[in-house]
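coords-v6.tsv follows; it contains TSV, C-alpha atoms.
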chain	number	residue	atom	x	y	z
A	10	MET	CA	0.27	-64.88	134.92
A	11	GLU	CA	-2.76	-63.51	133.15
A	12	GLY	CA	-5.10	-65.79	135.15
A	13	LYS	CA	-3.51	-64.66	138.40
A	14	ASN	CA	-3.97	-60.99	137.52
A	15	GLY	CA	-7.74	-61.16	137.52
A	16	ASN	CA	-8.45	-62.38	133.98
A	17	LEU	CA	-9.31	-65.85	135.22
A	18	GLU	CA	-12.65	-66.15	133.42
A	19	ALA	CA	-11.23	-65.04	130.07
A	20	THR	CA	-8.33	-67.49	130.33
A	21	ILE	CA	-10.67	-70.34	131.29
A	22	ASP	CA	-12.94	-69.51	128.29
A	23	GLN	CA	-9.94	-69.72	125.95
A	24	LEU	CA	-8.93	-73.09	127.45
A	25	LEU	CA	-12.52	-74.35	127.21
A	26	ASN	CA	-12.48	-73.62	123.45
A	27	VAL	CA	-9.20	-75.52	123.15
A	28	GLU	CA	-10.65	-78.41	125.18
A	29	LYS	CA	-13.71	-78.54	122.90
A	30	GLN	CA	-11.61	-78.70	119.74
A	31	MET	CA	-9.36	-81.41	121.20
A	32	ARG	CA	-12.33	-83.42	122.48
A	33	PHE	CA	-14.13	-83.40	119.12
A	34	ALA	CA	-10.87	-84.31	117.39
A	35	GLY	CA	-10.40	-87.24	119.76
A	36	ASP	CA	-7.00	-85.92	120.89
A	37	VAL	CA	-6.53	-87.60	124.28
A	38	ALA	CA	-3.28	-85.85	125.24
A	39	GLY	CA	-4.58	-82.41	124.20
A	40	THR	CA	-7.88	-82.83	126.07
A	41	LYS	CA	-6.11	-84.00	129.23
A	42	LYS	CA	-3.77	-81.01	129.13
A	43	ALA	CA	-6.63	-78.56	128.60
A	44	VAL	CA	-8.74	-79.83	131.52
A	45	THR	CA	-5.78	-80.03	133.92
A	46	ASP	CA	-4.67	-76.51	132.95
A	47	ILE	CA	-8.16	-75.18	133.75
A	48	LEU	CA	-8.10	-76.81	137.19
A	49	GLN	CA	-4.56	-75.54	137.82
A	50	LEU	CA	-5.62	-71.97	137.05
A	51	CYS	CA	-8.52	-72.17	139.51
A	52	PHE	CA	-6.24	-73.65	142.17
A	53	GLU	CA	-3.54	-70.99	141.74
A	54	ALA	CA	-6.22	-68.29	141.97
A	55	LYS	CA	-7.56	-70.03	145.15
A	56	ASP	CA	-11.04	-69.79	143.65
A	57	TRP	CA	-12.48	-73.01	145.16
A	58	LYS	CA	-16.03	-72.30	144.05
A	59	CYS	CA	-14.90	-71.91	140.45
A	60	LEU	CA	-12.83	-75.10	140.76
A	61	ASN	CA	-15.87	-77.12	141.83
A	62	GLU	CA	-17.98	-75.62	139.04
A	63	GLN	CA	-15.36	-76.40	136.38
A	64	ILE	CA	-14.96	-80.01	137.57
A	65	LEU	CA	-18.71	-80.58	137.26
A	66	ASN	CA	-18.93	-78.67	133.97
A	67	LEU	CA	-16.05	-80.51	132.28
A	68	SER	CA	-17.26	-83.95	133.41
A	69	LYS	CA	-20.69	-83.36	131.80
A	70	LYS	CA	-19.38	-82.29	128.38
A	71	ARG	CA	-20.81	-84.31	125.49
A	72	GLY	CA	-18.47	-87.11	124.47
A	73	GLN	CA	-15.99	-86.33	127.23
A	74	LEU	CA	-13.04	-88.69	127.10
A	75	LYS	CA	-12.54	-91.16	129.94
A	76	GLN	CA	-8.84	-90.35	130.10
A	77	ALA	CA	-9.64	-86.65	130.55
A	78	VAL	CA	-12.06	-87.34	133.42
A	79	THR	CA	-9.48	-89.61	135.09
A	80	ALA	CA	-6.74	-86.98	134.76
A	81	MET	CA	-9.08	-84.28	136.06
A	82	VAL	CA	-10.10	-86.29	139.16
A	83	GLN	CA	-6.50	-87.27	139.93
A	84	GLN	CA	-5.35	-83.66	139.53
A	85	ALA	CA	-8.11	-82.28	141.79
A	86	MET	CA	-7.40	-84.89	144.47
A	87	GLN	CA	-3.97	-83.33	144.97
A	88	TYR	CA	-5.66	-80.07	145.98
A	89	ILE	CA	-7.70	-81.60	148.83
A	90	ASP	CA	-4.95	-81.17	151.43
A	91	GLU	CA	-4.37	-77.59	150.25
A	92	THR	CA	-7.90	-76.38	151.02
A	93	PRO	CA	-8.10	-73.44	153.47
A	94	ASP	CA	-10.79	-74.89	155.77
A	95	LEU	CA	-12.78	-78.05	156.51
A	96	GLU	CA	-15.96	-76.88	154.79
A	97	THR	CA	-14.09	-76.24	151.51
A	98	ARG	CA	-12.37	-79.61	151.79
A	99	ILE	CA	-15.66	-81.47	152.26
A	100	GLU	CA	-17.24	-79.59	149.35
A	101	LEU	CA	-14.35	-80.50	147.02
A	102	ILE	CA	-14.45	-84.17	148.08
A	103	LYS	CA	-18.22	-84.32	147.51
A	104	THR	CA	-17.82	-82.73	144.06
A	105	LEU	CA	-15.18	-85.27	143.03
A	106	ASN	CA	-17.26	-88.06	144.54
A	107	SER	CA	-20.30	-87.11	142.46
A	108	VAL	CA	-18.16	-86.94	139.29
A	109	SER	CA	-16.58	-90.37	139.90
A	110	ALA	CA	-19.81	-92.11	140.98
A	111	GLY	CA	-20.78	-94.94	138.62
A	112	LYS	CA	-17.61	-94.65	136.52
A	113	ILE	CA	-15.57	-97.84	136.67
A	114	TYR	CA	-12.44	-96.14	135.28
A	115	VAL	CA	-12.17	-93.91	138.38
A	116	GLU	CA	-13.38	-96.46	140.96
A	117	ILE	CA	-10.06	-96.47	142.82
A	118	GLU	CA	-10.06	-92.67	143.08
A	119	ARG	CA	-13.66	-92.78	144.36
A	120	ALA	CA	-12.70	-95.33	147.05
A	121	ARG	CA	-9.88	-93.05	148.22
A	122	LEU	CA	-12.23	-90.06	148.29
A	123	ILE	CA	-14.78	-92.00	150.35
A	124	ARG	CA	-12.05	-92.95	152.80
A	125	LYS	CA	-10.98	-89.31	153.19
A	126	LEU	CA	-14.57	-88.22	153.78
A	127	ALA	CA	-15.15	-91.04	156.29
A	128	LYS	CA	-12.05	-89.97	158.20
A	129	ILE	CA	-13.40	-86.42	158.47
A	130	LYS	CA	-16.78	-87.73	159.69
A	131	GLU	CA	-15.02	-89.88	162.29
A	132	GLU	CA	-13.00	-86.90	163.55
A	133	GLN	CA	-16.31	-85.07	163.96
A	134	GLY	CA	-17.59	-87.94	166.12
A	135	LEU	CA	-20.03	-89.24	163.48
A	136	ILE	CA	-18.95	-92.89	163.64
A	137	ALA	CA	-22.20	-94.29	162.22
A	138	GLU	CA	-22.06	-91.96	159.18
A	139	ALA	CA	-18.41	-92.82	158.59
A	140	ALA	CA	-19.17	-96.55	158.73
A	141	ASP	CA	-22.10	-96.19	156.32
A	142	LEU	CA	-19.94	-94.22	153.88
A	143	MET	CA	-17.19	-96.85	153.87
A	144	GLN	CA	-19.66	-99.67	153.27
A	145	GLU	CA	-20.79	-98.05	150.01
A	146	VAL	CA	-17.61	-99.29	148.33
A	147	ALA	CA	-16.79	-102.95	147.61
A	148	VAL	CA	-13.03	-102.74	146.93
A	149	GLU	CA	-12.64	-106.52	146.70
A	150	THR	CA	-14.01	-106.28	143.12
A	151	PHE	CA	-11.41	-103.68	142.02
A	152	GLY	CA	-8.94	-105.47	139.76
A	153	ALA	CA	-6.53	-102.53	139.41
A	154	MET	CA	-6.22	-101.76	143.14
A	155	ALA	CA	-3.13	-103.02	144.98
A	156	LYS	CA	-3.69	-105.94	147.35
A	157	THR	CA	-2.39	-104.06	150.39
A	158	GLU	CA	-4.68	-101.09	149.67
A	159	LYS	CA	-7.70	-103.41	149.37
A	160	ILE	CA	-6.89	-105.07	152.71
A	161	ALA	CA	-6.32	-101.70	154.41
A	162	PHE	CA	-9.68	-100.43	153.12
A	163	ILE	CA	-11.59	-103.52	154.31
A	164	LEU	CA	-9.85	-103.37	157.70
A	165	GLU	CA	-10.99	-99.76	158.02
A	166	GLN	CA	-14.55	-100.90	157.30
A	167	VAL	CA	-14.26	-103.59	160.01
A	168	ARG	CA	-12.82	-101.13	162.54
A	169	LEU	CA	-15.63	-98.62	162.05
A	170	CYS	CA	-18.25	-101.38	162.42
A	171	LEU	CA	-16.61	-102.47	165.67
A	172	ASP	CA	-16.54	-98.85	166.86
A	173	ARG	CA	-20.28	-98.58	166.29
A	174	GLN	CA	-20.74	-102.05	167.90
A	175	ASP	CA	-22.16	-103.59	164.72
A	176	TYR	CA	-20.55	-106.99	165.32
A	177	VAL	CA	-22.59	-108.90	162.73
A	178	ARG	CA	-21.50	-106.66	159.85
A	179	ALA	CA	-17.93	-106.57	161.20
A	180	GLN	CA	-17.80	-110.37	160.96
A	181	ILE	CA	-19.23	-110.35	157.42
A	182	LEU	CA	-16.65	-107.79	156.28
A	183	SER	CA	-13.75	-109.58	157.99
A	184	ARG	CA	-14.52	-112.74	156.01
A	185	LYS	CA	-13.58	-110.90	152.82
A	186	ILE	CA	-9.96	-111.25	153.96
A	187	SER	CA	-8.43	-114.72	153.98
A	188	PRO	CA	-5.71	-115.08	156.67
A	189	ARG	CA	-3.61	-116.96	154.10
A	190	VAL	CA	-3.10	-113.71	152.18
A	191	PHE	CA	-0.71	-112.55	154.93
A	192	ASP	CA	1.55	-115.58	154.39
A	193	ALA	CA	2.40	-114.56	150.83
A	194	ASP	CA	6.12	-114.24	150.10
A	195	THR	CA	6.69	-110.52	149.50
A	196	SER	CA	10.36	-111.07	148.61
A	197	LYS	CA	9.47	-112.63	145.25
A	198	GLU	CA	9.71	-110.39	142.23
A	199	LYS	CA	6.44	-109.20	140.78
A	200	LYS	CA	5.49	-110.77	137.47
A	201	LYS	CA	5.09	-108.43	134.55
A	202	PRO	CA	1.43	-108.22	133.49
A	203	LYS	CA	0.55	-109.92	130.22
A	204	GLU	CA	-1.13	-108.08	127.41
A	205	GLY	CA	-4.82	-107.61	128.23
A	206	ASP	CA	-4.34	-108.00	132.00
A	207	ASN	CA	-5.33	-105.24	134.41
A	208	VAL	CA	-2.41	-103.05	135.43
A	209	VAL	CA	-2.30	-102.95	139.22
A	210	GLU	CA	-1.63	-99.48	140.59
A	211	GLU	CA	0.98	-98.83	143.24
A	212	PRO	CA	-0.59	-98.24	146.69
A	213	PRO	CA	-0.31	-94.78	148.29
A	214	ALA	CA	2.65	-94.16	150.61
A	215	ASP	CA	0.47	-94.18	153.75
A	216	ILE	CA	-0.70	-97.80	153.21
A	217	PRO	CA	1.01	-100.15	155.73
A	218	SER	CA	3.05	-103.18	154.70
A	219	LEU	CA	1.48	-106.64	154.50
A	220	LEU	CA	2.93	-107.73	157.87
A	221	GLU	CA	1.69	-104.56	159.54
A	222	LEU	CA	-1.75	-105.19	158.04
A	223	LYS	CA	-1.59	-108.72	159.46
A	224	ARG	CA	-1.09	-107.29	162.95
A	225	ILE	CA	-3.98	-104.82	162.48
A	226	TYR	CA	-6.25	-107.59	161.17
A	227	TYR	CA	-5.69	-109.87	164.16
A	228	GLU	CA	-6.01	-106.98	166.65
A	229	LEU	CA	-9.43	-106.20	165.15
A	230	MET	CA	-10.41	-109.88	165.29
A	231	ILE	CA	-9.40	-109.93	168.98
A	232	ARG	CA	-11.86	-107.07	169.55
A	233	TYR	CA	-14.56	-109.05	167.76
A	234	TYR	CA	-13.95	-112.33	169.63
A	235	PHE	CA	-13.63	-110.47	172.94
A	236	HIS	CA	-17.26	-109.41	172.49
A	237	ASP	CA	-18.28	-113.09	172.41
A	238	ASN	CA	-15.74	-114.18	175.07
A	239	ASP	CA	-14.35	-116.69	172.56
A	240	TYR	CA	-11.10	-117.28	174.41
A	241	LEU	CA	-9.67	-119.92	172.07
A	242	GLU	CA	-10.05	-117.71	168.98
A	243	ILE	CA	-8.53	-114.76	170.89
A	244	CYS	CA	-5.59	-117.01	171.78
A	245	ARG	CA	-5.15	-118.01	168.13
A	246	CYS	CA	-5.17	-114.33	167.11
A	247	TYR	CA	-2.45	-113.51	169.64
A	248	LYS	CA	-0.53	-116.55	168.41
A	249	ALA	CA	-0.65	-115.19	164.83
A	250	ILE	CA	0.62	-111.77	166.02
A	251	TYR	CA	3.34	-113.53	168.03
A	252	GLU	CA	4.62	-115.22	164.83
A	253	ILE	CA	5.27	-111.88	163.03
A	254	PRO	CA	9.09	-111.56	162.63
A	255	SER	CA	9.25	-107.94	163.83
A	256	ILE	CA	7.40	-108.95	167.03
A	257	ARG	CA	9.63	-112.00	167.66
A	258	GLU	CA	12.75	-109.83	167.45
A	259	ASN	CA	11.63	-107.46	170.22
A	260	PRO	CA	11.26	-108.96	173.74
A	261	SER	CA	9.34	-105.91	174.96
A	262	GLN	CA	6.64	-106.81	172.41
A	263	TRP	CA	6.57	-110.62	172.42
A	264	ILE	CA	6.66	-111.12	176.22
A	265	PRO	CA	3.27	-109.37	176.83
A	266	ILE	CA	1.78	-111.24	173.84
A	267	LEU	CA	3.09	-114.60	175.09
A	268	ARG	CA	1.56	-113.87	178.50
A	269	LYS	CA	-1.78	-113.22	176.81
A	270	ILE	CA	-1.47	-116.50	174.87
A	271	CYS	CA	-0.96	-118.36	178.15
A	272	TRP	CA	-3.90	-116.70	179.89
A	273	TYR	CA	-6.36	-117.25	177.04
A	274	LEU	CA	-5.20	-120.85	176.64
A	275	ILE	CA	-6.10	-121.45	180.27
A	276	LEU	CA	-9.41	-119.61	179.93
A	277	ALA	CA	-10.43	-121.57	176.82
A	278	PRO	CA	-12.65	-124.63	177.38
A	279	HIS	CA	-10.89	-127.98	177.09
A	280	ASP	CA	-11.06	-129.46	173.57
A	281	PRO	CA	-8.60	-130.99	171.05
A	282	MET	CA	-7.65	-127.59	169.56
A	283	GLN	CA	-7.00	-126.10	173.01
A	284	SER	CA	-4.97	-129.17	174.03
A	285	SER	CA	-2.87	-128.95	170.84
A	286	LEU	CA	-2.15	-125.24	171.32
A	287	LEU	CA	-1.32	-125.83	174.98
A	288	ASN	CA	1.30	-128.46	174.17
A	289	SER	CA	2.83	-126.46	171.31
A	290	THR	CA	3.10	-123.38	173.55
A	291	LEU	CA	4.85	-125.42	176.24
A	292	GLU	CA	7.50	-126.36	173.66
A	293	ASP	CA	8.26	-122.69	172.97
A	294	LYS	CA	11.76	-121.85	174.25
A	295	ASN	CA	10.72	-118.25	174.90
A	296	LEU	CA	8.43	-119.48	177.67
A	297	SER	CA	11.52	-119.85	179.87
A	298	GLU	CA	11.63	-116.04	180.06
A	299	ILE	CA	8.34	-116.11	182.02
A	300	PRO	CA	8.79	-119.16	184.32
A	301	LYS	CA	5.60	-118.57	186.33
A	302	PHE	CA	3.50	-119.02	183.20
A	303	ARG	CA	5.46	-122.10	182.18
A	304	LEU	CA	4.68	-123.60	185.58
A	305	LEU	CA	1.01	-122.66	185.22
A	306	LEU	CA	0.70	-124.39	181.84
A	307	LYS	CA	2.59	-127.42	183.22
A	308	GLN	CA	-0.04	-127.79	185.93
A	309	LEU	CA	-2.78	-127.94	183.31
A	310	VAL	CA	-1.15	-130.77	181.34
A	311	THR	CA	-0.30	-132.72	184.50
A	312	MET	CA	-3.10	-135.01	185.64
A	313	GLU	CA	-3.18	-133.77	189.22
A	314	VAL	CA	-5.81	-131.84	191.14
A	315	ILE	CA	-5.13	-128.07	191.27
A	316	GLN	CA	-6.05	-126.29	194.49
A	317	TRP	CA	-7.91	-123.17	193.37
A	318	THR	CA	-7.18	-121.13	196.51
A	319	SER	CA	-3.40	-121.58	196.34
A	320	LEU	CA	-3.38	-121.02	192.56
A	321	TRP	CA	-5.35	-117.77	192.79
A	322	ASN	CA	-3.14	-116.47	195.62
A	323	SER	CA	-0.04	-117.15	193.51
A	324	TYR	CA	-1.33	-115.63	190.26
A	325	LYS	CA	-3.77	-112.94	191.37
A	326	ASP	CA	-1.20	-110.14	190.98
A	327	GLU	CA	-0.14	-111.44	187.54
A	328	PHE	CA	-3.78	-111.61	186.49
A	329	GLU	CA	-4.50	-108.05	187.54
A	330	ASN	CA	-1.25	-106.73	186.00
A	331	GLU	CA	-2.57	-107.58	182.53
A	332	LYS	CA	-4.62	-104.34	182.62
A	333	ASN	CA	-1.38	-102.36	182.19
A	334	MET	CA	0.06	-104.55	179.43
A	335	LEU	CA	-0.33	-104.82	175.66
A	336	GLY	CA	-3.88	-105.85	174.78
A	337	GLY	CA	-5.46	-104.47	177.95
A	338	SER	CA	-7.47	-106.18	180.66
A	339	LEU	CA	-8.58	-109.81	180.44
A	340	GLY	CA	-12.14	-108.74	181.24
A	341	ASP	CA	-14.38	-108.77	184.30
A	342	LYS	CA	-15.75	-112.22	183.52
A	343	ALA	CA	-12.29	-113.77	183.08
A	344	ALA	CA	-11.60	-114.40	186.78
A	345	GLU	CA	-14.86	-116.31	187.11
A	346	ASP	CA	-14.12	-118.27	183.92
A	347	LEU	CA	-10.62	-119.06	185.16
A	348	ARG	CA	-12.04	-120.77	188.23
A	349	GLN	CA	-14.49	-122.66	186.04
A	350	ARG	CA	-11.64	-123.98	183.87
A	351	ILE	CA	-9.70	-125.15	186.94
A	352	ILE	CA	-12.81	-126.99	188.15
A	353	GLU	CA	-13.18	-128.61	184.72
A	354	HIS	CA	-9.53	-129.70	184.84
A	355	ASN	CA	-10.04	-131.19	188.29
A	356	ILE	CA	-13.13	-133.07	187.11
A	357	LEU	CA	-11.06	-134.63	184.29
A	358	VAL	CA	-8.43	-135.69	186.84
A	359	VAL	CA	-11.06	-137.17	189.17
A	360	SER	CA	-12.69	-139.07	186.28
A	361	LYS	CA	-9.33	-140.67	185.50
A	362	TYR	CA	-8.57	-141.90	189.01
A	363	TYR	CA	-12.08	-142.66	190.36
A	364	SER	CA	-14.78	-145.00	189.09
A	365	ARG	CA	-17.07	-144.14	192.06
A	366	ILE	CA	-16.84	-141.20	194.45
A	367	THR	CA	-19.04	-139.67	197.14
A	368	LEU	CA	-20.46	-136.21	196.55
A	369	LYS	CA	-18.76	-134.90	199.67
A	370	ARG	CA	-15.33	-136.10	198.55
A	371	LEU	CA	-15.85	-134.72	195.05
A	372	ALA	CA	-16.82	-131.32	196.51
A	373	GLU	CA	-13.62	-131.33	198.61
A	374	LEU	CA	-11.43	-132.06	195.59
A	375	LEU	CA	-13.14	-129.33	193.55
A	376	CYS	CA	-12.96	-126.80	196.44
A	377	LEU	CA	-16.76	-126.39	196.33
A	378	THR	CA	-19.69	-126.85	198.67
A	379	VAL	CA	-21.94	-129.88	198.18
A	380	GLN	CA	-24.82	-127.68	196.99
A	381	VAL	CA	-22.69	-125.87	194.37
A	382	CYS	CA	-21.27	-129.20	193.26
A	383	LEU	CA	-24.80	-130.53	192.75
A	384	LEU	CA	-25.76	-127.49	190.69
A	385	MET	CA	-22.70	-127.98	188.47
A	386	PHE	CA	-23.68	-131.54	187.59
A	387	PHE	CA	-27.41	-130.73	187.42
A	388	PRO	CA	-27.57	-130.48	183.57
A	389	LEU	CA	-25.90	-133.90	183.23
A	390	LEU	CA	-28.46	-135.77	185.31
A	391	SER	CA	-31.55	-137.63	184.14
A	392	LEU	CA	-35.01	-136.05	184.58
A	393	TYR	CA	-35.73	-138.24	187.67
A	394	MET	CA	-32.42	-137.24	189.30
A	395	ARG	CA	-33.02	-133.54	188.49
A	396	ASN	CA	-36.36	-133.64	190.33
A	397	LEU	CA	-34.66	-135.43	193.24
A	398	VAL	CA	-31.81	-132.93	193.44
A	399	GLY	CA	-34.23	-130.00	193.08
A	400	SER	CA	-36.34	-131.27	195.97
A	401	TYR	CA	-33.22	-131.77	198.08
A	402	LEU	CA	-31.88	-128.26	197.41
A	403	GLY	CA	-35.31	-126.80	198.23
A	404	LEU	CA	-35.36	-128.77	201.49
A	405	CYS	CA	-31.84	-127.55	202.35
A	406	LEU	CA	-32.89	-123.94	201.80
A	407	LYS	CA	-35.99	-124.43	203.98
A	408	CYS	CA	-33.96	-126.09	206.76
A	409	LYS	CA	-31.35	-123.33	206.64
A	410	THR	CA	-34.04	-120.65	206.99
A	411	LYS	CA	-35.56	-122.40	210.02
A	412	LYS	CA	-32.07	-123.21	211.42
A	413	ILE	CA	-32.66	-126.95	211.68
A	414	HIS	CA	-30.50	-129.94	210.76
A	415	ILE	CA	-30.06	-130.54	207.00
A	416	PRO	CA	-30.81	-134.18	206.17
A	417	PRO	CA	-28.32	-136.21	204.08
A	418	PHE	CA	-28.86	-136.52	200.32
A	419	PRO	CA	-30.97	-139.62	199.51
A	420	SER	CA	-29.10	-142.50	197.91

Can you turn what I pasted into structure tokens?
Amino acid sequence: MEGKNGNLEATIDQLLNVEKQMRFAGDVAGTKKAVTDILQLCFEAKDWKCLNEQILNLSKKRGQLKQAVTAMVQQAMQYIDETPDLETRIELIKTLNSVSAGKIYVEIERARLIRKLAKIKEEQGLIAEAADLMQEVAVETFGAMAKTEKIAFILEQVRLCLDRQDYVRAQILSRKISPRVFDADTSKEKKKPKEGDNVVEEPPADIPSLLELKRIYYELMIRYYFHDNDYLEICRCYKAIYEIPSIRENPSQWIPILRKICWYLILAPHDPMQSSLLNSTLEDKNLSEIPKFRLLLKQLVTMEVIQWTSLWNSYKDEFENEKNMLGGSLGDKAAEDLRQRIIEHNILVVSKYYSRITLKRLAELLCLTVQVCLLMFFPLLSLYMRNLVGSYLGLCLKCKTKKIHIPPFPS
């Protein structure tokens, strides 16, 4: 009561004398109580300037005990949400950050302070500053931090890098998380730490569960791969989200994701991994809930020519509807890539049934003009044939300009 009635300085001086005696005596419990009582008095008096001064003053005392500094930082962190305005909050966070800098015994507290400060910077629209702040801390080296809190912190670093379009650093940070960590069995009882082992702290209440972190991780990786138009990796990310039990139990969530899996499977270039995923997706019983997509995948595994015009007319509305579904639009380039994949499929079919074929017939099967068909195969030709095709295309363009008959391609 005495501190509240205006005798704050006198009460703090008395407690500072007690703290000094306890510190020199090596009394850990007494020193911790003295420093926390001083901070509590400043908080109750709402004297934020005095609180910051006392935190700095106590942390610089000669021979200050590590336990006292830890208790002081943890106590002051509880006051952050009670600050009257944003400026006071930032000042308190910066004070605690300077006290905890370089001290390994309060590294977890410093990481949490950095995260709070980065969140404030982000709310102010300073994405680059927030990203730089978060990258100051390497939580993967913190032995006492809970696994879920480490993952959440790294994911926040990745998200901020993606927001500032720093894709190289986002990829580097994402590699700190192994996807296998999400497959750990959380139902198993935690082993009691042996003597000498680091005691792992419990994560804060606002840290998501491991399965929720898995979903966040793959959503961020989708953003990264979308930048590179890596359709197969995007498909694999959606596949991982699709396997989460909470997603599988809710049709309103897994149906949009399964649609995305189908689209990105079709958009991905043909290779063994794509073929394996395509066949495993076709075996999924849930695919019967979206029969149009089952039919579309069936066409891709059947060795028959697909007519692009009829396919696009049938699926154009479905393709454009993806903009309003989970995961957003497939992208402006996707429609063009879809046609390219259908052409590639048709080429594989033609190569199976034909040993020799005229260019005109091949163009008909691929739904292309002869000139476009030539350009498609241009990189595959020898240097002599490239010069021949180039001369022919130039002649065609010249003839078309002068409106005269286009000669046949030389054999």

Return as a Markdown table the residues of range 140-238 of chain A lying at most 12 Å from range 93-108 of chain A, together with the closest atom-to-atom pair for each and the distance in Å to one decimal, counting all atoms listed in the file, with rows in chain order and ascending residue number.
| residue | atom | partner | partner_atom | distance |
| --- | --- | --- | --- | --- |
| A:Leu142 | CA | A:Asn106 | CA | 11.5 |
| A:Glu145 | CA | A:Asn106 | CA | 11.9 |
| A:Val146 | CA | A:Asn106 | CA | 11.9 |

Write out as a tab-separated table (two decimals) with C-alpha atoms, in the coordinates of the input each polymer residue whose atoms come within 9 Å of Lys248 in chain A, counting all atoms listed in the file; drop sequence neighbours fewer than 5 positions from it.
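Saved result, out34.tsv, follows:
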chain	number	residue	atom	x	y	z
A	243	ILE	CA	-8.53	-114.76	170.89
A	266	ILE	CA	1.78	-111.24	173.84
A	267	LEU	CA	3.09	-114.60	175.09
A	270	ILE	CA	-1.47	-116.50	174.87

6 Å per side around range 372-377 of chain A: axis-aligned box centre and edge lengths, as lines of an AutoDock Vina configuration file:
center_x = -14.1
center_y = -129.2
center_z = 196.1
size_x = 17.4
size_y = 17.7
size_z = 17.1

Straight-line distance linking CA of Lys185 in chain A with CA of Ile163 in chain A, stated in Å to one decimal: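 One can read the CA of Lys185 in chain A to CA of Ile163 in chain A distance as 7.8 Å.
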
Atomic distance CA of Ala153 in chain A - CA of Tyr176 in chain A, expressed in Å with one decimal: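 If I compute the distance from CA of Ala153 in chain A to CA of Tyr176 in chain A, I get 29.8 Å.
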
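Nearest residue to Ser218 in chain A among A:Thr157, A:Thr79, A:Thr311, A:Ser284 is A:Thr157, counting all atoms listed in the file.
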
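The coordinates place CA of Trp263 in chain A at 12.5 Å from CA of Lys294 in chain A.
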
Neighbour residues at most 12 Å from (-10.9, -129.6, 184.2) (only C-alpha atoms) as an MDAnalysis selection string: chainID A and resid 275:280 284 308:317 346:361 374:375

Residue nearest Leu296 in chain A - candidates A:Ile264, A:Leu25, A:Ile216, A:Val148, atoms counted: only C-alpha atoms: A:Ile264

Quick one: residues within 12 Å of range 17-19 of chain A, all atoms listed in the file counted, chain neighbours fewer than 6 positions away excluded, as a compact mmCIF listing (two decimals) with C-alpha atoms, in the frame of the given file?
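Final output, saved to around.txt:
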# COMPACT_ATOMS: atom_id res chain seq x y z
CA MET A 10 0.27 -64.88 134.92
CA GLU A 11 -2.76 -63.51 133.15
CA LEU A 25 -12.52 -74.35 127.21
CA ASN A 26 -12.48 -73.62 123.45
CA ASP A 46 -4.67 -76.51 132.95
CA ILE A 47 -8.16 -75.18 133.75
CA LEU A 48 -8.10 -76.81 137.19
CA GLN A 49 -4.56 -75.54 137.82
CA LEU A 50 -5.62 -71.97 137.05
CA CYS A 51 -8.52 -72.17 139.51
CA PHE A 52 -6.24 -73.65 142.17
CA GLU A 53 -3.54 -70.99 141.74
CA ALA A 54 -6.22 -68.29 141.97
CA LYS A 55 -7.56 -70.03 145.15
CA ASP A 56 -11.04 -69.79 143.65
CA CYS A 59 -14.90 -71.91 140.45
CA LEU A 60 -12.83 -75.10 140.76
CA GLN A 63 -15.36 -76.40 136.38
